[in-house]
Each structure stands twice: as structure tokens, then as C-alpha cells.
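A short write-up of the structure that comes next.
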Amino acid sequence: MIRLLTTTTAKCGFPRHRFFLRNKSSSASFEISSAENDNSQHKFDFDQIRNEIFNYWLKAEAASPNAGETKAQYCCFTFHDAKKAYLKPSANWHWLDRELSSNLAGETGAVFIYRGALSALSLRPIHDDVLEFCKSHMANESTHLQMFQYIVPDGKRTLLLPIWKIAGFTLGFVPTLLGGSKALYVTVEAVETFVEEHFQEQIVPLKNQQACPKLVELLEHCCEDEVHHKEDAARRLLGHSSNRSLDAFWIKPWSFIVKKGSALAAEIARRI
């Protein structure tokens with residue numbers, strides 16, 4: 001008899017300050033940026049989140065047209081067999097796998113946007129507040145990237161990460177070099193506007209399905225940070241510019257290009 005064994009696993013507001021990594025072999029804590037200077041803490045159990053993702057994949061796999069092929073490989077499809085099938089590089093990608101691949105690609109690109117911006121700022125006169133903006137946001141995005149690296153298996157990651165690094169660096173470097181902090185703030189605001197929508201497109205369906213509650217908490221946490229980044233960039237842009245300069249001809253077209261480019265990159269990361 002063939003049977004599928006699954007395991008069960010027990011809004012954007014801004015008070016986020018620290019998370020604690022929990023796994024079977026070690027524990028560690030990481031500081032992450034907070035929109036409010038408070039002492040709030042948030043704990044993520046990455047083992048539980050990984051199990052939620054695996055269970056979601058297993059249910060999607062069992063309901064897929066290829067389910068028969070997977071089951072036929074085993075006389076008794078145990079939990080261990082299912083885990084092996086899930087971790088195979090050739091395993092099917094279902095909706096959540098594709099979304100998490102795009103998340104990891106996006107966080108990789110985000111880190112490199114700030115690396116590119118910092119490189120450009122080293123070539124032109126700057127104010128300390130611009131450096132602080134880049135460094136604090138880059139540290140926060142690096143933490144997001146670490147979290148997704150912990151929960152997304154190697155075989156479920158886009159093959160194009162080197163391209164996202166180059167694209168992210170270029171997106172941070174060129175506008176900042178040519179337009180300074182104003183162009184950087186416009187770019188970040190546009191990117192984060194897309195990213196907020198991107199996370200909500202995952203959070204809402206998972207909540208509606210009452211699936212992966214701990215993963216949803218992590219996604220909401222990241223979404224809150226991205227909203228803060230967007231609002232921080234917009235606030236600095238308004239404080240930095242006169243009303244006349246905000247009407248510069250290039251702002252709306254550039255923002256449109258960045259948002260559409262981000263959407264295209266996310267779609268590619270879902271597929272390759």
C-alpha cells in the first residue's frame with residue numbers, strides 16, 4: 001500500500017528588532033533594523049518553517065498530475081522517502097517553491113543594490129545621512145537574505161543568482177552615480193513599492209488557505225521592513241527636494257521602469 005506521511009507543525013506595523021535562529025545543531029541571534037527604537041523581539045523557528053514548506057510541497061505534489069510518477073518509485077512512500085523526493089534537484093516546483101525562489105533572488109538583488117550605491121557614493125561628494133541610509137538598509141536586507149537561505153533548499157533556488165547580483169549592483173550604482181542621493185531614493189522607493197505588493201501576493205493566499213502560519217509571520221516581518229524602507233526613502237526624498245525638483249521629467253519614467261523591471265525579474269526567478 002502506498003501512503004503519504006506528512007508532519008504537522010504546531011501588517012505591516014514596524015516594531016521589529018531582533019530574531020533568534022533556532023535549529024537542531026546551533027542557535028544564534030542577529031540584530032535587524034527596527035523602525036521604532038524599542039526592545040521588542042521576534043523569534044523564528046526555522047525548523048518549523050522548513051517543515052511547513054515541505055508539507056505544503058507534499059500536498060501540492062500529491063495533488064499534481066505527476067503524483068503517480070513520484071509514488072511509483074516506492075513500495076511504501078514514507079516520510080523519509082518524501083523528504084528525499086522534495087530535496088532532489090529535479091523535484092517539481094509548486095507555487096510556494098516558485099515564490100520563495102523569487103524572494104531569495106529579490107533579497108540578493110537588494111543587498112547588491114546598496115553595495116552598488118555605496119560604491120557610487122565613494123566617487124562623489126556625499127552626506128553622512130546617505131551613507132547611514134545605505135548601510136542600515138543593507139544590513140536589514142542581509143538579514144532577510146540569511147533567513148531565506150535558511151528555509152529555501154539549494155535545489156529550490158533560482159539558477160540566476162549571479163545575474164541578480166550584477167543587476168542589483170548596477171541598479172544601485174548607475175542611478176546613484178548619475179543622480180546622487182535623490183536618484184537613489186527614487187530607486188529604492190520604486191523597488192520597495194513592488195516588493196510590498198510581492199510579499200502580499202504570498203501572505204494573502206497563505207492566510208486564506210490557513211497554511212504555513214510561521215512562514216506567514218516571517219513574510220509579514222519582512223514586508224514590514226520593506227514598507228519602512230519605502231517610507232524612509234520617500235521621507236528623505238521629500239526632505240531633500242523642493243516641489244519643483246520632485247517634478248523632474250525623469251522621476252516617473254524611471255520609477256515605472258524600476259517597478260516593471262523588478263516584476264520581470266521576480267517572474268524569471270520563479271521559473272529558472
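Note on naming: chains are A, B, ... as they come in the C-alpha cells, residues start from 1 per chain, ligands start from 1 in the order shown.
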Give me, as a tab-separated table, each residue of region 61-135 of chain A that comes within 10 Å of region 251-265 of chain A, together with its shortest interatomic pair and the distance in Å at one decimal, counting only C-alpha atoms, with rows ordered by chain and rising residue number.
```
residue	atom	partner	partner_atom	distance
A:Ser102	CA	A:Ala265	CA	8.1
A:Ala105	CA	A:Ala265	CA	8.5
A:Gly106	CA	A:Ala265	CA	8.2
A:Gly109	CA	A:Ser262	CA	9.7
```
*Which polymer residues have any atom within 10 Å of an atom of Glu217 (chain A), counting only C-alpha atoms, with same-chain residues fewer than 4 positions away left out, as a ChimeraX atom specification?*
/A:11,42-44,49,203,212-213,221-223
Next, write the just-selected residues to a file, as a PDB file, in the first residue's frame, keeping N, CA and C atoms as the atom set.
```
ATOM      1  N   LYS A  11       0.897  43.813  10.336  1.00  0.00           N
ATOM      2  CA  LYS A  11       0.670  44.175   8.912  1.00  0.00           C
ATOM      3  C   LYS A  11       1.468  45.355   8.790  1.00  0.00           C
ATOM      4  N   HIS A  42      11.558  39.188  18.189  1.00  0.00           N
ATOM      5  CA  HIS A  42      10.743  38.247  17.437  1.00  0.00           C
ATOM      6  C   HIS A  42      11.560  36.988  17.239  1.00  0.00           C
ATOM      7  N   LYS A  43      10.932  35.847  17.455  1.00  0.00           N
ATOM      8  CA  LYS A  43      11.621  34.574  17.326  1.00  0.00           C
ATOM      9  C   LYS A  43      11.053  33.804  16.149  1.00  0.00           C
ATOM     10  N   PHE A  44      11.931  33.247  15.336  1.00  0.00           N
ATOM     11  CA  PHE A  44      11.510  32.406  14.223  1.00  0.00           C
ATOM     12  C   PHE A  44      12.120  31.022  14.411  1.00  0.00           C
ATOM     13  N   ILE A  49       9.421  26.267  10.201  1.00  0.00           N
ATOM     14  CA  ILE A  49       9.102  26.902   8.916  1.00  0.00           C
ATOM     15  C   ILE A  49       9.470  25.981   7.763  1.00  0.00           C
ATOM     16  N   ILE A 203       1.363  36.400   1.175  1.00  0.00           N
ATOM     17  CA  ILE A 203       0.753  36.387   2.509  1.00  0.00           C
ATOM     18  C   ILE A 203      -0.753  36.146   2.429  1.00  0.00           C
ATOM     19  N   CYS A 212       0.825  27.323   6.554  1.00  0.00           N
ATOM     20  CA  CYS A 212       2.170  27.824   6.885  1.00  0.00           C
ATOM     21  C   CYS A 212       2.138  29.070   7.778  1.00  0.00           C
ATOM     22  N   PRO A 213       1.534  28.997   8.961  1.00  0.00           N
ATOM     23  CA  PRO A 213       1.407  30.201   9.796  1.00  0.00           C
ATOM     24  C   PRO A 213       2.737  30.812  10.213  1.00  0.00           C
ATOM     25  N   HIS A 221       6.879  39.903   8.624  1.00  0.00           N
ATOM     26  CA  HIS A 221       8.016  40.610   9.219  1.00  0.00           C
ATOM     27  C   HIS A 221       8.861  41.284   8.141  1.00  0.00           C
ATOM     28  N   CYS A 222       9.188  40.541   7.095  1.00  0.00           N
ATOM     29  CA  CYS A 222       9.985  41.107   6.001  1.00  0.00           C
ATOM     30  C   CYS A 222       9.223  42.213   5.287  1.00  0.00           C
ATOM     31  N   CYS A 223       7.928  42.003   5.085  1.00  0.00           N
ATOM     32  CA  CYS A 223       7.105  43.008   4.422  1.00  0.00           C
ATOM     33  C   CYS A 223       7.101  44.316   5.213  1.00  0.00           C
TER      34      CYS A 223
END
```
*Mind checking DSSP for region 31-240 of chain A and telling me the strand (DSSP E) residues as a list in words?*
Glu31, His42, Lys43, Phe44 and Asp45 of chain A
The selected residues should be written to file as a CSV table (one decimal), in the first residue's frame (atoms: all heavy atoms).
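Produced file result_10.csv, reproduced below:
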```csv
chain,number,residue,atom,x,y,z
A,31,GLU,N,21.0,41.0,15.0
A,31,GLU,CA,20.3,42.3,15.1
A,31,GLU,C,19.7,42.7,13.7
A,31,GLU,O,20.4,42.5,12.7
A,31,GLU,CB,21.3,43.4,15.5
A,31,GLU,CG,21.8,43.2,16.9
A,31,GLU,CD,20.8,43.5,18.0
A,31,GLU,OE1,19.8,44.2,17.6
A,31,GLU,OE2,21.0,43.2,19.1
A,42,HIS,N,11.6,39.2,18.2
A,42,HIS,CA,10.7,38.2,17.4
A,42,HIS,C,11.6,37.0,17.2
A,42,HIS,O,12.7,37.1,16.9
A,42,HIS,CB,10.4,38.8,16.1
A,42,HIS,CG,9.2,38.1,15.5
A,42,HIS,ND1,7.9,38.5,15.7
A,42,HIS,CD2,9.1,37.1,14.7
A,42,HIS,CE1,7.1,37.7,15.1
A,42,HIS,NE2,7.8,36.8,14.4
A,43,LYS,N,10.9,35.8,17.5
A,43,LYS,CA,11.6,34.6,17.3
A,43,LYS,C,11.1,33.8,16.1
A,43,LYS,O,9.8,33.7,16.0
A,43,LYS,CB,11.5,33.7,18.6
A,43,LYS,CG,12.1,34.4,19.8
A,43,LYS,CD,11.9,33.5,21.1
A,43,LYS,CE,12.5,34.2,22.3
A,43,LYS,NZ,12.2,33.4,23.5
A,44,PHE,N,11.9,33.2,15.3
A,44,PHE,CA,11.5,32.4,14.2
A,44,PHE,C,12.1,31.0,14.4
A,44,PHE,O,13.3,30.9,14.6
A,44,PHE,CB,12.0,33.0,12.9
A,44,PHE,CG,11.3,34.3,12.5
A,44,PHE,CD1,12.0,35.4,12.4
A,44,PHE,CD2,9.9,34.3,12.3
A,44,PHE,CE1,11.4,36.6,12.1
A,44,PHE,CE2,9.3,35.5,12.0
A,44,PHE,CZ,10.1,36.7,11.9
A,45,ASP,N,11.3,30.0,14.4
A,45,ASP,CA,11.7,28.6,14.4
A,45,ASP,C,11.9,28.1,13.0
A,45,ASP,O,10.9,27.8,12.4
A,45,ASP,CB,10.7,27.8,15.2
A,45,ASP,CG,11.2,26.4,15.4
A,45,ASP,OD1,12.0,25.9,14.6
A,45,ASP,OD2,10.7,25.7,16.4
```
*Counting only C-alpha atoms, which of A:Phe249, A:Trp95, A:Phe194, A:Phe169 gets nearest to Arg115 (chain A)?*
A:Phe169
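Going from CA of Glu107 (chain A) to CA of Ala190 (chain A) covers 15.0 Å.
Among the candidates A:Ala82, A:Val130, A:Leu171, A:Val195, the residue lying nearest to Glu220 (chain A) is A:Val195 (atoms considered: only C-alpha atoms).
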*A:Val186, A:Val174, A:Ala211, A:Leu219: which is nearest Leu121 (chain A), counting only C-alpha atoms?*
A:Val174
*Could you name the residues that touch Phe133 (chain A) at 10 Å or less, counting only C-alpha atoms, but leaving out those on the same chain fewer than 5 positions away, as a ChimeraX atom specification?*
/A:114,128,138,181,185,229,232-233,236
Output file for the selection above: N, CA, C and O atoms, as a CSV table (one decimal), in the first residue's frame:
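Final output, selection20.csv:
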```csv
chain,number,residue,atom,x,y,z
A,114,TYR,N,22.4,48.1,-2.6
A,114,TYR,CA,23.1,49.0,-1.7
A,114,TYR,C,24.6,48.9,-1.8
A,114,TYR,O,25.3,49.9,-1.6
A,128,ASP,N,26.7,62.3,5.4
A,128,ASP,CA,26.7,61.1,6.2
A,128,ASP,C,25.3,60.4,6.3
A,128,ASP,O,25.3,59.2,6.4
A,138,MET,N,21.1,48.0,4.0
A,138,MET,CA,21.8,46.9,3.5
A,138,MET,C,21.9,45.8,4.6
A,138,MET,O,21.8,44.6,4.3
A,181,SER,N,22.0,61.1,-4.3
A,181,SER,CA,21.1,60.6,-3.3
A,181,SER,C,19.6,60.6,-3.8
A,181,SER,O,18.8,59.7,-3.5
A,185,TYR,N,17.1,57.5,-3.8
A,185,TYR,CA,15.8,57.4,-3.0
A,185,TYR,C,14.7,57.1,-3.9
A,185,TYR,O,13.8,56.3,-3.6
A,229,HIS,N,11.4,50.7,4.6
A,229,HIS,CA,12.4,51.2,3.7
A,229,HIS,C,11.8,52.1,2.6
A,229,HIS,O,12.4,53.1,2.3
A,232,ASP,N,10.9,55.4,4.4
A,232,ASP,CA,12.2,56.1,4.7
A,232,ASP,C,12.7,56.8,3.4
A,232,ASP,O,13.1,58.0,3.5
A,233,ALA,N,12.7,56.1,2.3
A,233,ALA,CA,13.2,56.7,1.1
A,233,ALA,C,12.4,57.8,0.6
A,233,ALA,O,12.9,58.9,0.2
A,236,ARG,N,13.0,60.9,3.0
A,236,ARG,CA,14.2,61.5,2.7
A,236,ARG,C,14.2,62.3,1.4
A,236,ARG,O,14.8,63.3,1.2
```
*Using DSSP on the backbone coordinates, identify all residues within region 20-248 of chain A classified as alpha helix (DSSP H); present the result as a ChimeraX atom specification.*
/A:46-63,67-71,79-87,95-121,128-151,161-209,213-240,243-246
*asked:* Rounded to one decimal, what separation in Å do you get between CA of Tyr150 (chain A) and CA of Glu52 (chain A)?
replied: 13.3 Å
*For Pro175 (chain A), please output as a PyMOL selection string all residues within 10 Å (counting only C-alpha atoms; exclusion window: fewer than 3 positions along the same chain).*
chain A and resi 116-117+120+170-172+178-187+254
Selection from above, N, CA and C atoms, as a short mmCIF file (atom, residue, chain, number, x, y, z; two decimals), in the first residue's frame, can you write it?
```cif
data_model
loop_
_atom_site.label_atom_id
_atom_site.label_comp_id
_atom_site.auth_asym_id
_atom_site.auth_seq_id
_atom_site.Cartn_x
_atom_site.Cartn_y
_atom_site.Cartn_z
N GLY A 116 26.11 48.54 -4.63
CA GLY A 116 26.36 49.39 -5.79
C GLY A 116 26.26 50.86 -5.45
N ALA A 117 25.23 51.22 -4.66
CA ALA A 117 25.05 52.61 -4.26
C ALA A 117 26.24 53.10 -3.44
N ALA A 120 29.12 53.82 -5.70
CA ALA A 120 28.92 55.08 -6.42
C ALA A 120 29.14 56.28 -5.51
N THR A 170 24.24 47.08 -10.42
CA THR A 170 24.09 48.10 -11.47
C THR A 170 22.95 49.06 -11.14
N LEU A 171 21.84 48.50 -10.64
CA LEU A 171 20.68 49.33 -10.31
C LEU A 171 20.98 50.30 -9.17
N GLY A 172 21.87 49.90 -8.28
CA GLY A 172 22.27 50.81 -7.21
C GLY A 172 23.35 51.77 -7.64
N LEU A 178 24.96 58.92 -11.24
CA LEU A 178 24.49 59.99 -12.12
C LEU A 178 23.62 61.01 -11.40
N GLY A 179 22.80 60.54 -10.46
CA GLY A 179 21.82 61.44 -9.84
C GLY A 179 21.97 61.65 -8.36
N GLY A 180 22.97 61.02 -7.75
CA GLY A 180 23.20 61.21 -6.33
C GLY A 180 22.11 60.59 -5.47
N SER A 181 21.98 61.13 -4.26
CA SER A 181 21.05 60.55 -3.29
C SER A 181 19.61 60.63 -3.77
N LYS A 182 19.26 61.67 -4.50
CA LYS A 182 17.88 61.80 -4.99
C LYS A 182 17.51 60.62 -5.88
N ALA A 183 18.37 60.27 -6.82
CA ALA A 183 18.11 59.13 -7.69
C ALA A 183 18.08 57.83 -6.91
N LEU A 184 18.93 57.72 -5.89
CA LEU A 184 18.93 56.52 -5.05
C LEU A 184 17.61 56.38 -4.32
N TYR A 185 17.10 57.46 -3.75
CA TYR A 185 15.84 57.40 -3.01
C TYR A 185 14.67 57.05 -3.93
N VAL A 186 14.66 57.61 -5.13
CA VAL A 186 13.60 57.28 -6.09
C VAL A 186 13.66 55.79 -6.43
N THR A 187 14.87 55.28 -6.65
CA THR A 187 15.04 53.87 -6.99
C THR A 187 14.56 52.96 -5.88
N TRP A 254 11.44 56.70 -14.67
CA TRP A 254 12.43 55.82 -14.04
C TRP A 254 11.77 54.92 -12.99
#
```
